[in-house]
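Trainee: Starting off with a structure, shown below.
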Amino acid sequence: MVSSGGSDGGQRKTLQEKVQSNAYSVNEIKQLSNSSEYQYSQVLQLEHAVTNLMVYLNKIFKLSPNFKGYMENIENTERVSVEILPALMRHKLKCAAELTSLHELGKLPVFEELLEYEKAFEEHKPEPILKGLTLADCERLSDNKSDIDVAAAEQFEEDDPEEEEDGYDPSEQKKSWPPKLPEIKSSAIRARVFIHKSMIHDKLYLSEADMIKAHNERLEFLGDSILNTTITMILYNKFPLFNEGQLSQLRMKLISNERLKKWSFLYNFHEKLKTNLDKTCENSDFQHGKQKLYADVFEAYIGGLIEDDPKHNLPRVRKWLTKLATPVIEEVTKGDEVLDTEHIDMNAKKNLYSLIGYAALNLHYKPVKKPTHDDPHAVVECRIKDGTLLGTGRGRNVKIAGMRAAQEVLRNHALVEKYANLRAAIPRNESIVKENQSKKRDTPDCEIDEDTKNDSIKKIKTSTEREQSFNTSKIVPNSDGTLSLQ
């Protein structure tokens, strides 16, 4: 429950100021955590914290060796790189190794559940997901926590009696595809679905109103709208991280005439459709066209279902189309890198630069192909100053393609290690000089991470100044036996 405000105007103002600045004291944070009333700033911080928990927990398990590997490094420090030794003297690597070891031994069940929590979450199911927390435990929680309304949850999950007549056979739990076709009960509407306009355009004895009601064009119009809306809702709910462009592109592939034609053939609509066209002659316009009328009859059937029984058939159409579209969605998204955004590391470029980047290397990203209407793919290459290609990425725009190019380089561990060692061998002051010399770039069409580079240069300059200051200082003994710099 989100709080709507306090009881006192002055208190509300104070709370609002604290929410905006996140300036909570320790006691106030404790009070917030014990309250069932969420504050907006609190919700933002909680969601951010949980997201980071999942991300970094996964990262620890992937990057850290187990405790045996950690101890091998501790016991053989002579084989450990100089820049790594200080980290081995701190607690974080040991903690990561212990967590990884417990994970490997299966002794972190709650962490395993956390890693799968998002997949197990269902919006309308109130029961706890973590196995260590039961409804009985929730009853024992303090009163200021929100109670779980079990009765309401059970009532919500009761089967809808209307679902038994949605066109599926409830006695057969078949996983086969395609799903069973929902039935149009009105024989008149069902017949009109399969009558093409060419069948009645020469029936001059019919009035205009009668002609309109005698073929499937109006049903096609209705079905087109229902299909478009239903597929939109399916994609909107299934892909919460897709932007408008990705959703539109995927929807286009699902409701294209070619796709609808395939679905129409799937249910033998082409055999039931009555037309006054010559569909058999090899030289007919029909054979040389896209045979759009087969896609139209599929939309007309959807329109017929809605006209037959709009109240009950609308949810049936949604369920039917969801089952029909699911394997197609999986096929399209898995086969199209443009639509696959699950594995994009938004920080790939920064991570790569932090590992191998330095001024003289001139790490940059060169767009070699931009998206077009016919081919909505961008291609970006990750290169260095001498033109060496390190990696290539593809995506729906140049930005994403650049991230994928950086990811490809990061996956090449041998290559990253090679350039990381080259960077470590170059004196910092020499790198700064080369940066000044490389301001006139040889590749003006390249996309370079200037912000990342400039931040690194500032750090290098600061470090160099400190080193120079240290070299000119003298170590002087103090009267108490300690040493100091002068």
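Convention: chains lettered A, B, ... in structure tokens order; per-chain residue numbering from 1; ligands numbered from 1 as shown.
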Name the residues in contact with region 301-314 of chain A at a cut-off of 8 Å, using only C-alpha atoms, excluding same-chain residues fewer than 2 positions from it; report them as a list in words.
Mentor: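 Everything that qualifies: Glu162, Asp166, Pro182, Glu183, Ile184, Lys185, Ser186, Ile189, Arg190, Val193, Leu219, Glu220, Phe221, Leu222, Gly223, Asp224, Ile226, Leu227, Val297, Phe298, Glu299, Arg316, Val317 and Arg318 of chain A.
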Trainee: May I have the residues from that selection written out with N, CA and C atoms, as a PDB file, in the first residue's frame?
Mentor:
```pdb
ATOM      1  N   GLU A 162     -16.673 -20.067 -17.446  1.00  0.00           N
ATOM      2  CA  GLU A 162     -16.791 -19.823 -18.877  1.00  0.00           C
ATOM      3  C   GLU A 162     -15.657 -20.483 -19.646  1.00  0.00           C
ATOM      4  N   ASP A 166     -14.512 -22.799 -24.104  1.00  0.00           N
ATOM      5  CA  ASP A 166     -13.716 -21.873 -24.913  1.00  0.00           C
ATOM      6  C   ASP A 166     -13.244 -22.478 -26.223  1.00  0.00           C
ATOM      7  N   PRO A 182     -11.561 -22.329 -31.989  1.00  0.00           N
ATOM      8  CA  PRO A 182     -12.834 -21.986 -31.345  1.00  0.00           C
ATOM      9  C   PRO A 182     -13.974 -22.050 -32.361  1.00  0.00           C
ATOM     10  N   GLU A 183     -15.132 -22.454 -31.907  1.00  0.00           N
ATOM     11  CA  GLU A 183     -16.255 -22.698 -32.817  1.00  0.00           C
ATOM     12  C   GLU A 183     -17.185 -21.490 -32.919  1.00  0.00           C
ATOM     13  N   ILE A 184     -17.595 -21.180 -34.155  1.00  0.00           N
ATOM     14  CA  ILE A 184     -18.657 -20.196 -34.382  1.00  0.00           C
ATOM     15  C   ILE A 184     -19.974 -20.962 -34.388  1.00  0.00           C
ATOM     16  N   LYS A 185     -20.828 -20.706 -33.408  1.00  0.00           N
ATOM     17  CA  LYS A 185     -22.050 -21.505 -33.251  1.00  0.00           C
ATOM     18  C   LYS A 185     -23.136 -21.117 -34.250  1.00  0.00           C
ATOM     19  N   SER A 186     -23.174 -19.862 -34.643  1.00  0.00           N
ATOM     20  CA  SER A 186     -24.190 -19.430 -35.609  1.00  0.00           C
ATOM     21  C   SER A 186     -23.803 -19.909 -37.006  1.00  0.00           C
ATOM     22  N   ILE A 189     -23.445 -16.924 -39.569  1.00  0.00           N
ATOM     23  CA  ILE A 189     -22.184 -16.174 -39.477  1.00  0.00           C
ATOM     24  C   ILE A 189     -21.031 -17.029 -39.989  1.00  0.00           C
ATOM     25  N   ARG A 190     -21.043 -18.307 -39.637  1.00  0.00           N
ATOM     26  CA  ARG A 190     -19.973 -19.202 -40.075  1.00  0.00           C
ATOM     27  C   ARG A 190     -19.925 -19.293 -41.599  1.00  0.00           C
ATOM     28  N   VAL A 193     -18.403 -16.077 -43.156  1.00  0.00           N
ATOM     29  CA  VAL A 193     -16.945 -15.990 -43.011  1.00  0.00           C
ATOM     30  C   VAL A 193     -16.242 -16.481 -44.270  1.00  0.00           C
ATOM     31  N   LEU A 219     -16.704  -8.643 -41.564  1.00  0.00           N
ATOM     32  CA  LEU A 219     -16.125  -9.523 -40.547  1.00  0.00           C
ATOM     33  C   LEU A 219     -14.595  -9.436 -40.573  1.00  0.00           C
ATOM     34  N   GLU A 220     -14.050  -9.308 -41.768  1.00  0.00           N
ATOM     35  CA  GLU A 220     -12.597  -9.153 -41.900  1.00  0.00           C
ATOM     36  C   GLU A 220     -12.126  -7.875 -41.215  1.00  0.00           C
ATOM     37  N   PHE A 221     -12.871  -6.795 -41.401  1.00  0.00           N
ATOM     38  CA  PHE A 221     -12.535  -5.512 -40.773  1.00  0.00           C
ATOM     39  C   PHE A 221     -12.534  -5.643 -39.250  1.00  0.00           C
ATOM     40  N   LEU A 222     -13.580  -6.289 -38.725  1.00  0.00           N
ATOM     41  CA  LEU A 222     -13.669  -6.475 -37.274  1.00  0.00           C
ATOM     42  C   LEU A 222     -12.540  -7.378 -36.770  1.00  0.00           C
ATOM     43  N   GLY A 223     -12.325  -8.473 -37.481  1.00  0.00           N
ATOM     44  CA  GLY A 223     -11.280  -9.412 -37.068  1.00  0.00           C
ATOM     45  C   GLY A 223      -9.894  -8.816 -37.120  1.00  0.00           C
ATOM     46  N   ASP A 224      -9.647  -7.958 -38.101  1.00  0.00           N
ATOM     47  CA  ASP A 224      -8.347  -7.296 -38.211  1.00  0.00           C
ATOM     48  C   ASP A 224      -8.051  -6.471 -36.961  1.00  0.00           C
ATOM     49  N   ILE A 226      -9.464  -6.835 -33.915  1.00  0.00           N
ATOM     50  CA  ILE A 226      -9.332  -7.722 -32.756  1.00  0.00           C
ATOM     51  C   ILE A 226      -7.968  -8.411 -32.763  1.00  0.00           C
ATOM     52  N   LEU A 227      -7.560  -8.885 -33.931  1.00  0.00           N
ATOM     53  CA  LEU A 227      -6.264  -9.561 -34.053  1.00  0.00           C
ATOM     54  C   LEU A 227      -5.126  -8.621 -33.678  1.00  0.00           C
ATOM     55  N   VAL A 297      -9.454 -14.246 -44.861  1.00  0.00           N
ATOM     56  CA  VAL A 297     -10.452 -15.160 -44.309  1.00  0.00           C
ATOM     57  C   VAL A 297     -10.099 -15.541 -42.871  1.00  0.00           C
ATOM     58  N   PHE A 298      -8.814 -15.537 -42.548  1.00  0.00           N
ATOM     59  CA  PHE A 298      -8.419 -15.792 -41.156  1.00  0.00           C
ATOM     60  C   PHE A 298      -8.927 -14.663 -40.261  1.00  0.00           C
ATOM     61  N   GLU A 299      -8.756 -13.419 -40.716  1.00  0.00           N
ATOM     62  CA  GLU A 299      -9.269 -12.281 -39.953  1.00  0.00           C
ATOM     63  C   GLU A 299     -10.788 -12.316 -39.889  1.00  0.00           C
ATOM     64  N   ARG A 316     -11.867 -16.213 -25.363  1.00  0.00           N
ATOM     65  CA  ARG A 316     -11.480 -17.438 -26.067  1.00  0.00           C
ATOM     66  C   ARG A 316     -10.529 -17.133 -27.217  1.00  0.00           C
ATOM     67  N   VAL A 317     -10.803 -16.052 -27.932  1.00  0.00           N
ATOM     68  CA  VAL A 317      -9.910 -15.634 -29.021  1.00  0.00           C
ATOM     69  C   VAL A 317      -8.527 -15.308 -28.468  1.00  0.00           C
ATOM     70  N   ARG A 318      -8.504 -14.622 -27.336  1.00  0.00           N
ATOM     71  CA  ARG A 318      -7.216 -14.270 -26.728  1.00  0.00           C
ATOM     72  C   ARG A 318      -6.412 -15.524 -26.384  1.00  0.00           C
TER      73      ARG A 318
END
```
Trainee: DSSP says alpha helix (DSSP H) for which residues of region 26-140 of chain A? Put them as a PyMOL selection string?
Mentor: chain A and resi 26-34+40-63+67-75+85-88+91-104+109-115+117-120+135-139
Trainee: Write out, as a short mmCIF file (atom, residue, chain, number, x, y, z; two decimals), in the first residue's frame, the residues just selected, with C-alpha atoms.
Mentor:
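The resulting file, again27.cif, is shown below:
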```cif
data_model
loop_
_atom_site.label_atom_id
_atom_site.label_comp_id
_atom_site.auth_asym_id
_atom_site.auth_seq_id
_atom_site.Cartn_x
_atom_site.Cartn_y
_atom_site.Cartn_z
CA VAL A 26 19.00 5.30 10.83
CA ASN A 27 15.94 5.28 13.09
CA GLU A 28 13.69 6.59 10.32
CA ILE A 29 14.93 3.90 7.93
CA LYS A 30 14.16 1.29 10.58
CA GLN A 31 10.68 2.74 11.03
CA LEU A 32 10.08 2.63 7.27
CA SER A 33 11.17 -1.00 7.07
CA ASN A 34 8.79 -1.91 9.91
CA TYR A 40 7.85 6.43 -3.13
CA SER A 41 11.57 6.97 -2.52
CA GLN A 42 11.65 3.81 -0.41
CA VAL A 43 10.11 1.78 -3.26
CA LEU A 44 12.65 3.10 -5.76
CA GLN A 45 15.54 2.21 -3.49
CA LEU A 46 14.12 -1.24 -2.70
CA GLU A 47 13.63 -2.17 -6.36
CA HIS A 48 17.10 -0.89 -7.21
CA ALA A 49 18.63 -2.86 -4.32
CA VAL A 50 16.86 -6.11 -5.25
CA THR A 51 17.90 -5.72 -8.89
CA ASN A 52 21.52 -5.18 -7.90
CA LEU A 53 21.35 -8.11 -5.48
CA MET A 54 20.37 -10.49 -8.29
CA VAL A 55 22.86 -9.04 -10.79
CA TYR A 56 25.85 -9.04 -8.47
CA LEU A 57 25.03 -12.40 -6.93
CA ASN A 58 25.15 -13.92 -10.41
CA LYS A 59 28.36 -12.05 -11.17
CA ILE A 60 30.05 -13.36 -8.00
CA PHE A 61 29.20 -16.96 -8.89
CA LYS A 62 30.47 -16.52 -12.45
CA LEU A 63 33.70 -14.66 -11.71
CA PHE A 67 37.64 -21.48 -1.76
CA LYS A 68 40.17 -24.09 -2.90
CA GLY A 69 41.18 -21.87 -5.82
CA TYR A 70 41.35 -18.86 -3.51
CA MET A 71 43.69 -20.69 -1.11
CA GLU A 72 45.97 -21.77 -3.97
CA ASN A 73 46.50 -18.09 -4.76
CA ILE A 74 47.10 -17.23 -1.09
CA GLU A 75 49.64 -20.03 -0.68
CA LEU A 85 48.29 -9.00 -4.42
CA PRO A 86 46.69 -6.07 -2.54
CA ALA A 87 43.22 -7.39 -3.33
CA LEU A 88 44.15 -10.79 -1.86
CA HIS A 91 38.19 -9.44 2.63
CA LYS A 92 36.14 -9.21 -0.56
CA LEU A 93 37.81 -11.92 -2.64
CA LYS A 94 37.66 -14.33 0.28
CA CYS A 95 33.98 -13.60 0.84
CA ALA A 96 33.26 -14.15 -2.87
CA ALA A 97 35.18 -17.45 -2.81
CA GLU A 98 33.23 -18.68 0.21
CA LEU A 99 29.89 -17.74 -1.38
CA THR A 100 30.87 -19.48 -4.61
CA SER A 101 31.91 -22.58 -2.67
CA LEU A 102 28.61 -22.76 -0.76
CA HIS A 103 26.78 -22.29 -4.06
CA GLU A 104 28.81 -25.10 -5.66
CA PRO A 109 19.20 -22.82 -1.04
CA VAL A 110 17.80 -19.36 -0.42
CA PHE A 111 20.27 -17.88 -2.92
CA GLU A 112 19.24 -20.48 -5.48
CA GLU A 113 15.62 -19.43 -4.94
CA LEU A 114 16.58 -15.77 -5.28
CA LEU A 115 18.24 -16.41 -8.63
CA TYR A 117 12.64 -15.64 -8.10
CA GLU A 118 11.66 -13.54 -11.11
CA LYS A 119 10.76 -16.63 -13.15
CA ALA A 120 8.65 -18.02 -10.30
CA LEU A 135 1.57 -18.54 5.14
CA ALA A 136 1.70 -19.77 8.74
CA ASP A 137 4.87 -17.73 9.24
CA CYS A 138 3.12 -14.69 7.82
CA GLU A 139 0.36 -15.03 10.41
#
```
Trainee: So how many Å separate CA of Gly395 (chain A) and CA of Tyr358 (chain A), to one decimal?
Mentor: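 That distance, rounded to one decimal, is 26.4 Å.
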Trainee: I want to know what sits within 9 Å of Ile231 (chain A), based on only C-alpha atoms, with residues of the same chain fewer than 3 positions away left out; could you give that as a list of chain:residue names?
Mentor: A:Ile226, A:Leu227, A:Asn228, A:Ile234, A:Leu235, A:Tyr236, A:Arg251, A:Leu254, A:Ile255, A:Arg318, A:Leu321, A:Thr322, A:Ala325
Trainee: Report the distance between CA of Leu181 (chain A) and CA of Gln246 (chain A) in Å, rounded to one decimal place.
Mentor: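 CA of Leu181 (chain A) sits 29.1 Å away from CA of Gln246 (chain A).
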Trainee: Any idea what the distance is between CA of Pro65 (chain A) and CA of Leu355 (chain A)?
Mentor: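 Result for CA of Pro65 (chain A) versus CA of Leu355 (chain A): 19.6 Å, one decimal.
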Trainee: Among region 160-370 of chain A, which residues carry a DSSP assignment of strand (DSSP E), reported as a ChimeraX atom specification?
Mentor: /A:364-369
Trainee: Skip Ile400 (chain A) itself and residues of its chain fewer than 5 positions away, then list as a compact mmCIF listing (two decimals) with C-alpha atoms, in the first residue's frame all residues within 9 Å of it, counting only C-alpha atoms.
Mentor:
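Below is the file that was written, part.txt:
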```
# COMPACT_ATOMS: atom_id res chain seq x y z
CA VAL A 338 17.63 -7.35 -33.32
CA THR A 341 17.80 -7.79 -25.85
CA ILE A 344 22.85 -6.88 -23.83
CA MET A 346 24.67 -1.79 -21.15
CA ALA A 378 23.01 -1.95 -37.69
CA VAL A 380 29.35 -1.79 -35.71
CA GLY A 393 28.19 -6.41 -33.20
CA ARG A 394 24.70 -6.29 -34.71
CA GLY A 395 21.58 -4.67 -33.32
CA ALA A 405 30.72 -5.45 -30.44
```
